[in-house]
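What follows is upload.cif (mmCIF, C-alpha atoms).
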data_run
loop_
_atom_site.label_atom_id
_atom_site.label_comp_id
_atom_site.auth_asym_id
_atom_site.auth_seq_id
_atom_site.Cartn_x
_atom_site.Cartn_y
_atom_site.Cartn_z
CA MET N 1 21.70 4.84 23.30
CA SER N 2 18.94 2.68 21.77
CA ALA N 3 16.75 0.31 23.76
CA ALA N 4 18.53 -2.58 22.08
CA SER N 5 21.68 -1.55 23.95
CA ALA N 6 19.97 -2.41 27.23
CA VAL N 7 19.75 -6.04 26.14
CA ALA N 8 22.74 -6.39 23.87
CA THR N 9 24.41 -9.29 25.62
CA ALA N 10 23.13 -12.20 27.65
CA PRO N 11 25.11 -14.27 30.13
CA GLU N 12 26.00 -17.66 28.74
CA SER N 13 23.08 -20.02 29.24
CA GLU N 14 23.50 -23.41 30.84
CA THR N 15 22.38 -25.57 27.95
CA GLY N 16 24.62 -28.52 28.74
CA PRO N 17 27.02 -30.37 26.45
CA ALA N 18 25.98 -31.37 22.96
CA GLU N 19 24.19 -34.70 22.98
CA GLY N 20 25.95 -37.58 21.31
CA SER N 21 29.36 -35.92 21.52
CA GLY N 22 31.61 -37.42 18.88
CA GLN N 23 28.62 -38.78 16.98
CA PRO N 24 26.74 -37.21 14.06
CA ARG N 25 24.18 -34.76 15.38
CA PRO N 26 20.49 -35.38 14.53
CA ALA N 27 19.13 -33.22 11.73
CA LEU N 28 16.72 -30.46 12.73
CA THR N 29 14.95 -27.86 10.61
CA VAL N 30 14.39 -24.60 12.50
CA LEU N 31 11.86 -22.08 11.22
CA VAL N 32 12.30 -18.59 12.66
CA ALA N 33 9.27 -16.30 12.59
CA ALA N 34 9.44 -12.69 11.47
CA PRO N 35 8.26 -10.36 12.83
CA ARG N 36 9.14 -11.46 16.35
CA GLY N 37 10.37 -9.87 19.57
CA PHE N 38 10.45 -6.18 20.42
CA CYS N 39 7.72 -3.92 19.07
CA ALA N 40 7.96 -0.13 18.77
CA GLY N 41 6.12 0.43 22.07
CA VAL N 42 8.45 -1.85 24.01
CA ASP N 43 11.55 -0.38 22.38
CA ARG N 44 10.33 3.12 23.27
CA ALA N 45 9.56 2.19 26.90
CA ILE N 46 13.01 0.69 27.51
CA HIS N 47 14.68 3.68 25.88
CA ILE N 48 12.68 6.00 28.15
CA VAL N 49 14.10 4.32 31.25
CA GLU N 50 17.63 4.50 29.81
CA LEU N 51 17.26 8.19 28.97
CA ALA N 52 15.81 8.93 32.42
CA LEU N 53 18.85 7.31 34.01
CA GLU N 54 21.15 9.37 31.78
CA ARG N 55 19.33 12.61 32.56
CA TRP N 56 18.74 12.25 36.30
CA GLY N 57 21.14 9.52 37.34
CA ALA N 58 20.33 6.51 39.50
CA PRO N 59 18.04 5.69 41.05
CA VAL N 60 15.08 6.09 38.70
CA TYR N 61 11.94 4.37 39.96
CA VAL N 62 9.64 2.47 37.61
CA ARG N 63 6.05 1.70 38.57
CA HIS N 64 5.38 -1.90 37.56
CA GLU N 65 7.63 -3.87 35.20
CA ILE N 66 8.43 -1.54 32.32
CA VAL N 67 7.66 -4.49 30.03
CA HIS N 68 6.91 -8.10 30.91
CA ASN N 69 10.38 -9.60 30.57
CA LYS N 70 12.65 -10.57 33.46
CA PHE N 71 15.86 -10.24 31.44
CA VAL N 72 14.98 -6.68 30.39
CA VAL N 73 13.94 -5.73 33.92
CA ASP N 74 17.09 -7.22 35.47
CA THR N 75 19.27 -5.43 32.91
CA LEU N 76 17.67 -2.09 33.78
CA LYS N 77 18.01 -2.84 37.49
CA GLY N 78 21.72 -3.23 36.88
CA LYS N 79 21.79 0.28 35.42
CA GLY N 80 20.07 1.78 38.47
CA ALA N 81 16.33 1.38 37.89
CA ILE N 82 14.22 0.38 40.89
CA PHE N 83 10.92 -1.37 40.16
CA VAL N 84 7.92 -0.99 42.46
CA GLU N 85 4.26 -1.91 42.19
CA GLU N 86 2.68 1.23 43.64
CA LEU N 87 3.48 4.93 43.70
CA ASP N 88 3.47 4.86 47.51
CA GLU N 89 6.77 2.95 47.31
CA VAL N 90 8.47 5.82 45.46
CA PRO N 91 10.25 8.20 47.84
CA ASP N 92 9.96 11.96 47.49
CA GLY N 93 12.42 13.75 45.26
CA VAL N 94 13.22 10.98 42.77
CA PRO N 95 11.93 10.53 39.19
CA VAL N 96 9.47 7.78 38.31
CA VAL N 97 8.55 6.15 35.01
CA PHE N 98 5.13 4.60 34.31
CA SER N 99 5.20 1.29 32.43
CA ALA N 100 4.30 0.64 28.79
CA HIS N 101 0.99 -0.95 29.85
CA GLY N 102 -0.57 2.35 30.98
CA VAL N 103 -1.82 3.49 34.37
CA PRO N 104 -5.12 4.79 35.75
CA LYS N 105 -5.53 8.56 35.71
CA ALA N 106 -5.26 8.59 39.50
CA VAL N 107 -1.57 7.61 39.33
CA PRO N 108 -0.15 10.66 37.51
CA ALA N 109 -2.58 12.84 39.47
CA LYS N 110 -1.11 11.50 42.71
CA ALA N 111 2.44 12.00 41.37
CA GLU N 112 1.64 15.64 40.60
CA GLU N 113 0.10 16.09 44.03
CA ARG N 114 3.36 14.87 45.57
CA GLY N 115 5.49 17.00 43.26
CA LEU N 116 7.20 13.98 41.71
CA THR N 117 8.97 14.20 38.36
CA TYR N 118 7.43 11.49 36.21
CA VAL N 119 7.62 10.22 32.63
CA ASP N 120 4.78 8.23 31.09
CA ALA N 121 6.08 5.32 28.97
CA THR N 122 2.58 4.10 28.05
CA CYS N 123 2.59 2.64 24.55
CA PRO N 124 0.97 5.19 22.19
CA LEU N 125 -1.40 2.49 20.93
CA VAL N 126 -2.61 1.92 24.49
CA SER N 127 -2.96 5.68 24.98
CA LYS N 128 -5.14 5.69 21.87
CA VAL N 129 -7.50 3.22 23.56
CA HIS N 130 -7.58 5.48 26.62
CA ARG N 131 -8.69 8.42 24.49
CA GLN N 132 -11.33 6.29 22.79
CA ALA N 133 -12.70 5.28 26.19
CA GLU N 134 -12.97 8.91 27.26
CA ARG N 135 -14.79 9.85 24.05
CA LEU N 136 -17.28 7.00 24.30
CA VAL N 137 -18.13 7.81 27.91
CA ALA N 138 -18.42 11.51 27.09
CA ALA N 139 -20.94 10.54 24.40
CA GLY N 140 -23.03 8.73 27.02
CA ARG N 141 -22.10 5.20 25.99
CA HIS N 142 -21.37 2.31 28.33
CA ILE N 143 -18.23 0.43 27.24
CA LEU N 144 -17.95 -3.33 26.85
CA PHE N 145 -14.20 -3.87 27.14
CA ILE N 146 -12.69 -7.08 25.78
CA GLY N 147 -9.65 -8.05 27.84
CA HIS N 148 -8.16 -10.14 30.64
CA GLN N 149 -9.06 -9.48 34.26
CA GLY N 150 -6.13 -8.13 36.25
CA HIS N 151 -3.85 -7.34 33.31
CA PRO N 152 -2.11 -3.96 33.85
CA GLU N 153 -3.40 -2.64 30.53
CA VAL N 154 -6.98 -3.45 31.53
CA ILE N 155 -6.53 -1.84 34.94
CA GLY N 156 -5.06 1.26 33.31
CA THR N 157 -7.87 1.57 30.76
CA PHE N 158 -10.62 1.12 33.33
CA GLY N 159 -8.90 3.85 35.31
CA GLN N 160 -9.45 6.38 32.54
CA VAL N 161 -13.22 6.58 33.09
CA PRO N 162 -15.59 6.76 36.08
CA ASP N 163 -16.36 3.60 38.02
CA GLY N 164 -19.18 1.63 36.44
CA ALA N 165 -18.62 3.07 32.97
CA MET N 166 -17.10 -0.16 31.63
CA THR N 167 -17.92 -3.87 31.76
CA LEU N 168 -15.20 -6.48 31.17
CA ILE N 169 -15.78 -9.13 28.51
CA GLU N 170 -13.24 -11.97 28.78
CA THR N 171 -14.80 -14.76 26.71
CA LEU N 172 -17.26 -15.40 23.91
CA GLU N 173 -19.66 -16.66 26.59
CA ASP N 174 -19.42 -13.27 28.31
CA ALA N 175 -20.27 -11.57 25.02
CA GLN N 176 -23.27 -13.85 24.63
CA ALA N 177 -24.52 -13.35 28.19
CA VAL N 178 -23.88 -9.68 29.03
CA GLN N 179 -27.06 -7.71 29.77
CA PRO N 180 -26.27 -3.98 29.74
CA ALA N 181 -28.74 -1.60 31.34
CA ASP N 182 -29.01 0.52 28.16
CA PRO N 183 -28.36 -1.73 25.14
CA ASP N 184 -28.95 1.15 22.71
CA ASN N 185 -26.04 3.23 24.04
CA LEU N 186 -22.99 0.98 23.97
CA GLY N 187 -19.42 1.10 22.82
CA PHE N 188 -16.70 -1.54 22.72
CA LEU N 189 -12.92 -1.46 23.01
CA THR N 190 -10.26 -4.15 23.33
CA GLN N 191 -6.97 -4.80 25.03
CA THR N 192 -4.13 -4.47 22.50
CA THR N 193 -2.49 -7.87 23.12
CA LEU N 194 -5.32 -10.35 22.61
CA SER N 195 -5.86 -13.30 20.29
CA VAL N 196 -6.89 -11.85 16.94
CA ASP N 197 -9.28 -14.74 16.21
CA ASP N 198 -10.90 -14.90 19.67
CA THR N 199 -11.39 -11.15 19.72
CA ALA N 200 -12.95 -11.16 16.25
CA ASP N 201 -15.49 -13.74 17.44
CA MET N 202 -16.39 -11.63 20.48
CA VAL N 203 -16.68 -8.42 18.46
CA THR N 204 -18.90 -10.19 15.92
CA GLU N 205 -21.17 -11.42 18.71
CA LEU N 206 -21.44 -7.99 20.32
CA LYS N 207 -22.29 -6.39 16.97
CA ARG N 208 -24.90 -9.08 16.33
CA ARG N 209 -26.57 -8.57 19.69
CA PHE N 210 -26.21 -4.80 19.77
CA PRO N 211 -26.31 -3.45 16.19
CA GLY N 212 -25.90 0.15 17.37
CA ILE N 213 -22.72 -0.51 19.34
CA GLU N 214 -19.92 1.92 18.53
CA GLY N 215 -16.24 1.09 18.49
CA PRO N 216 -13.02 1.13 16.50
CA ARG N 217 -12.87 -0.30 13.02
CA GLY N 218 -12.43 -3.99 13.81
CA ASP N 219 -10.63 -3.93 17.17
CA ASP N 220 -7.77 -2.27 19.04
CA ILE N 221 -5.30 -5.16 18.81
CA CYS N 222 -1.96 -3.58 17.98
CA TYR N 223 -0.10 -4.13 14.73
CA ALA N 224 2.71 -6.01 16.50
CA THR N 225 0.39 -8.49 18.20
CA SER N 226 -1.43 -9.14 14.91
CA ASN N 227 1.80 -9.49 12.93
CA ARG N 228 3.39 -11.92 15.36
CA GLN N 229 0.29 -14.10 15.43
CA GLN N 230 0.13 -14.09 11.62
CA ALA N 231 3.76 -15.19 11.40
CA VAL N 232 3.07 -18.09 13.77
CA LYS N 233 0.01 -19.08 11.74
CA ALA N 234 2.21 -19.24 8.64
CA MET N 235 4.96 -21.20 10.41
CA ALA N 236 3.24 -23.57 12.86
CA PRO N 237 1.53 -25.91 10.35
CA ARG N 238 5.02 -26.88 9.13
CA CYS N 239 6.29 -27.54 12.68
CA ASP N 240 6.18 -30.43 15.11
CA LEU N 241 7.12 -28.07 17.94
CA VAL N 242 7.03 -24.28 18.43
CA LEU N 243 9.04 -22.48 21.11
CA VAL N 244 7.72 -19.06 22.14
CA ILE N 245 10.25 -16.91 23.99
CA GLY N 246 8.49 -14.71 26.50
CA ALA N 247 7.28 -14.33 30.06
CA ALA N 248 4.36 -16.18 31.61
CA ASN N 249 2.70 -12.85 32.50
CA SER N 250 3.07 -11.55 28.93
CA SER N 251 -0.36 -11.62 27.31
CA ASN N 252 0.90 -11.42 23.73
CA SER N 253 3.42 -14.23 24.35
CA GLN N 254 0.74 -16.52 25.78
CA ARG N 255 -1.42 -15.81 22.75
CA LEU N 256 1.43 -16.86 20.42
CA ARG N 257 1.66 -20.20 22.21
CA GLU N 258 -2.10 -20.68 21.85
CA VAL N 259 -2.03 -19.79 18.15
CA ALA N 260 0.71 -22.36 17.52
CA GLU N 261 -1.28 -25.08 19.28
CA ARG N 262 -4.41 -24.22 17.30
CA GLU N 263 -2.39 -24.70 14.13
CA GLY N 264 -1.50 -28.23 15.25
CA ALA N 265 1.97 -27.85 16.75
CA LYS N 266 3.06 -28.65 20.27
CA SER N 267 4.09 -25.36 21.84
CA TRP N 268 5.99 -24.25 24.93
CA LEU N 269 6.53 -20.82 26.42
CA ILE N 270 10.07 -20.31 27.75
CA GLN N 271 11.90 -17.28 29.07
CA ARG N 272 15.30 -18.39 27.77
CA ALA N 273 17.34 -21.37 26.60
CA ALA N 274 17.98 -22.77 30.09
CA GLU N 275 14.26 -23.58 30.38
CA ILE N 276 14.21 -25.90 27.36
CA ASP N 277 13.34 -29.51 28.19
CA TRP N 278 15.20 -31.40 25.49
CA SER N 279 12.75 -34.31 25.75
CA TRP N 280 10.32 -32.03 23.89
CA PHE N 281 12.47 -32.66 20.81
CA ASP N 282 11.99 -36.45 20.81
CA GLY N 283 10.59 -37.40 17.42
CA VAL N 284 10.68 -33.78 16.25
CA SER N 285 12.13 -32.89 12.84
CA THR N 286 10.96 -29.26 12.48
CA VAL N 287 10.90 -26.62 15.22
CA GLY N 288 9.49 -23.11 15.01
CA VAL N 289 10.88 -20.23 17.07
CA THR N 290 9.24 -16.90 17.82
CA ALA N 291 9.29 -14.32 20.59
CA GLY N 292 6.72 -12.12 22.28
CA ALA N 293 6.84 -8.35 21.88
CA SER N 294 8.72 -7.90 25.19
CA ALA N 295 11.47 -10.43 24.47
CA PRO N 296 14.82 -9.13 23.18
CA GLU N 297 16.49 -10.66 20.13
CA VAL N 298 19.49 -11.72 22.22
CA LEU N 299 17.30 -14.37 23.89
CA VAL N 300 16.14 -15.65 20.51
CA GLN N 301 19.74 -16.04 19.42
CA GLU N 302 20.54 -17.82 22.70
CA VAL N 303 17.82 -20.40 21.99
CA LEU N 304 19.01 -20.87 18.40
CA ALA N 305 22.58 -21.37 19.61
CA ALA N 306 21.43 -23.97 22.15
CA MET N 307 19.71 -25.97 19.41
CA ASP N 308 22.70 -25.59 17.10
CA ALA N 309 24.90 -27.12 19.80
CA ARG N 310 22.80 -30.29 19.88
CA PHE N 311 21.54 -30.71 16.32
CA ALA N 312 22.65 -30.34 12.73
CA VAL N 313 20.44 -27.33 12.14
CA THR N 314 19.04 -26.07 8.87
CA SER N 315 17.51 -22.66 9.53
CA GLN N 316 14.85 -20.81 7.53
CA ASN N 317 13.10 -17.49 8.09
CA VAL N 318 9.32 -17.28 7.78
CA THR N 319 8.57 -13.63 7.08
CA THR N 320 4.99 -12.38 6.82
CA ALA N 321 5.49 -8.64 7.41
CA VAL N 322 8.19 -6.01 7.73
CA GLU N 323 7.74 -3.54 10.60
CA GLU N 324 9.06 0.00 10.37
CA VAL N 325 6.98 1.66 13.11
CA VAL N 326 8.80 4.09 15.41
CA PHE N 327 7.15 6.08 18.21
CA LYS N 328 8.30 9.50 19.38
CA LEU N 329 9.87 9.85 22.80
CA PRO N 330 8.34 12.10 25.48
CA ARG N 331 9.38 15.73 25.10
CA ALA N 332 10.64 15.78 28.70
CA LEU N 333 13.52 13.52 27.67
CA THR N 334 14.38 15.07 24.31
CA THR N 335 14.57 18.80 25.16
#
Could the structure of this file be written out as structure tokens, please?
Amino acid sequence: MSAASAVATAPESETGPAEGSGQPRPALTVLVAAPRGFCAGVDRAIHIVELALERWGAPVYVRHEIVHNKFVVDTLKGKGAIFVEELDEVPDGVPVVFSAHGVPKAVPAKAEERGLTYVDATCPLVSKVHRQAERLVAAGRHILFIGHQGHPEVIGTFGQVPDGAMTLIETLEDAQAVQPADPDNLGFLTQTTLSVDDTADMVTELKRRFPGIEGPRGDDICYATSNRQQAVKAMAPRCDLVLVIGAANSSNSQRLREVAEREGAKSWLIQRAAEIDWSWFDGVSTVGVTAGASAPEVLVQEVLAAMDARFAVTSQNVTTAVEEVVFKLPRALTT
């Protein structure tokens, strides 16, 4: 069973009757961004929960939302997954899955101490950042980490190294003001779901201030985040309005909304069609649609259907990249 099967059908959304019933519908051009929606890491994480349920049966516990999308989480709950925030909430003798965002080292260590069966669904691109953090610290470098305070990925990455080994950089002003104790022995890393442009500015500033700083080539922003932002950049200048389908706590979805606004389009983040305020469409002739990396395609199609019910829609795809990335599943679920 693929991850897509977990989100194959959505309950009918309450979009209301078509406006102007019996009258010609207003014309609307809809531009649909590609790539959009699920990335390889999200697809893998959902599939891991499905396979765990097949192998061990319900319940399977999941620490934190497997991905930041209520529809996906609710679908998996219906299959027998139980979502908790901390390992202490997982009873003895049941399997647990760690979310795609990554966890501090202390979490799997505690699971092993308790004898729990666990599967780590951390995105491989996040795991790569974890390994980079370990290498930099082992080389005696203090890490300046570009990310958002409190995001699960940031918490997980900080938890890979000793306390005090990393300093969080959230803004360009932080990059301009940070005063590390040993400016000649620094490294930098980044969260994988940031704004490409904002992160580039911060990396440039850190390299200017600390020429010897060591880090990845460019940044650690994942291919899917970069591709989705590039698609919005190509689409938004042609749009009066851009709808981003995703959750409010999804970093990459929020960044898509910000990118659209920077390109001059009004933009709203919605979880699904029922959240559309149709007054947003007043005076609008062209609408762009995209979805964050945790949002399933079924919700995109739901939004497109809601617009088609109210307008005479002409639809166009705006494709800037074709993604063929696939990540291997954990051996524990394939042997």
Open item on the list: Assuming the chain letters and numbering stay as they are in my file, what does the PyMOL selection byres ((chain N and resi 224-229) around 7) actually select? List them as a PyMOL selection string.
Closed with: chain N and resi 35-36+39+193+196+221-223+230-233+252+256+259+321
Check which residues satisfy the PyMOL selection byres ((chain N and resi 288-292) around 6) in the file shown, then give them as a PDB file with C-alpha atoms, in the coordinates of the input.
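After the write, part26.pdb holds the following:
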ATOM      1  CA  VAL N  30      14.390 -24.600  12.500  1.00  0.00           C
ATOM      2  CA  LEU N  31      11.860 -22.080  11.220  1.00  0.00           C
ATOM      3  CA  VAL N  32      12.300 -18.590  12.660  1.00  0.00           C
ATOM      4  CA  ALA N  33       9.270 -16.300  12.590  1.00  0.00           C
ATOM      5  CA  ARG N  36       9.140 -11.460  16.350  1.00  0.00           C
ATOM      6  CA  GLY N  37      10.370  -9.870  19.570  1.00  0.00           C
ATOM      7  CA  CYS N 239       6.290 -27.540  12.680  1.00  0.00           C
ATOM      8  CA  VAL N 242       7.030 -24.280  18.430  1.00  0.00           C
ATOM      9  CA  LEU N 243       9.040 -22.480  21.110  1.00  0.00           C
ATOM     10  CA  VAL N 244       7.720 -19.060  22.140  1.00  0.00           C
ATOM     11  CA  ILE N 245      10.250 -16.910  23.990  1.00  0.00           C
ATOM     12  CA  GLY N 246       8.490 -14.710  26.500  1.00  0.00           C
ATOM     13  CA  SER N 253       3.420 -14.230  24.350  1.00  0.00           C
ATOM     14  CA  VAL N 287      10.900 -26.620  15.220  1.00  0.00           C
ATOM     15  CA  ALA N 293       6.840  -8.350  21.880  1.00  0.00           C
ATOM     16  CA  SER N 294       8.720  -7.900  25.190  1.00  0.00           C
ATOM     17  CA  ALA N 295      11.470 -10.430  24.470  1.00  0.00           C
TER      18      ALA N 295
END
Open item on the list: Ranking N:Ala273, N:Leu136, N:Leu116, N:Leu28 by minimum distance to Leu189 (chain N) and counting only C-alpha atoms, which one comes first?
Closed with: N:Leu136
TODO: For the structure provided, state which residues fall under the PyMOL selection byres ((chain N and resi 165) around 8), and present them as a PyMOL selection string.
DONE: chain N and resi 137+142-143+161-164+166-167
TODO: Provide the CA of Gly264 (chain N) to CA of Val318 (chain N) distance in Å, to one decimal place.
DONE: 17.1 Å
Task: Top pick for closest residue to Val298 (chain N), considering N:Arg272, N:Pro124, N:Ile169, N:Gly218 and counting all atoms listed in the file - done: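 Closest to Val298 (chain N) of all the choices is N:Arg272.
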Open item on the list: So the first atom is CA of Lys77 (chain N) and the second is CA of Phe98 (chain N); what is the distance between them in Å, to one decimal place?
Closed with: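 Separation between CA of Lys77 (chain N) and CA of Phe98 (chain N): 15.2 Å.
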- [ ] Counting only C-alpha atoms, write as a PyMOL selection string all protein and nucleic acid residues lying at most 10 Å from (5.5, -1.4, 37.4) in the file's frame.
- [x] chain N and resi 61-68+82-87+97-103+152
Mind dumping the selected residues with C-alpha atoms as a CSV table (one decimal), keeping the file's coordinate frame?
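Written file, again-v7.csv:
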chain,number,residue,atom,x,y,z
N,61,TYR,CA,11.9,4.4,40.0
N,62,VAL,CA,9.6,2.5,37.6
N,63,ARG,CA,6.0,1.7,38.6
N,64,HIS,CA,5.4,-1.9,37.6
N,65,GLU,CA,7.6,-3.9,35.2
N,66,ILE,CA,8.4,-1.5,32.3
N,67,VAL,CA,7.7,-4.5,30.0
N,68,HIS,CA,6.9,-8.1,30.9
N,82,ILE,CA,14.2,0.4,40.9
N,83,PHE,CA,10.9,-1.4,40.2
N,84,VAL,CA,7.9,-1.0,42.5
N,85,GLU,CA,4.3,-1.9,42.2
N,86,GLU,CA,2.7,1.2,43.6
N,87,LEU,CA,3.5,4.9,43.7
N,97,VAL,CA,8.6,6.2,35.0
N,98,PHE,CA,5.1,4.6,34.3
N,99,SER,CA,5.2,1.3,32.4
N,100,ALA,CA,4.3,0.6,28.8
N,101,HIS,CA,1.0,-1.0,29.8
N,102,GLY,CA,-0.6,2.4,31.0
N,103,VAL,CA,-1.8,3.5,34.4
N,152,PRO,CA,-2.1,-4.0,33.8
TODO: Identify which of the residues N:Val72, N:Val60, N:Leu329, N:Ile48 lies closest to Glu297 (chain N), counting all atoms listed in the file when measuring atom-to-atom distances.
DONE: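 Once distances to Glu297 (chain N) are computed over all atoms listed in the file, the minimum belongs to N:Val72.
Between CA of Phe327 (chain N) and CA of Ala40 (chain N) the interatomic distance comes to 6.3 Å.
Near Val203 (chain N), within 9 Å and counting all atoms listed in the file, sit Ile146, Leu172, Ala175, Phe188, Asp198, Thr199, Ala200, Asp201, Glu205, Leu206, Lys207, Arg208, Gly218 and Asp219 of chain N, not including residues fewer than 2 positions from it in the same chain.
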TODO: For Leu51 (chain N), list every protein, DNA or RNA residue within 12 Å, evaluated using only C-alpha atoms, and leave out those in the same chain fewer than 2 positions away; present the list as a ChimeraX atom specification.
DONE: /N:1-3,5-6,44-49,53-58,60,76,79-81,95,97,119,121,329-335
Open item on the list: Could you check the closest approach to Leu241 (chain N) for each of N:Thr29, N:Gln160, N:Thr320, N:Gln176 and tell me which residue wins, using all atoms listed in the file?
Closed with: N:Thr29
Task: Pick from N:Glu170, N:Asp43, N:Glu258, N:Glu324 nearest to Leu144 (chain N), counting all atoms listed in the file - done: N:Glu170
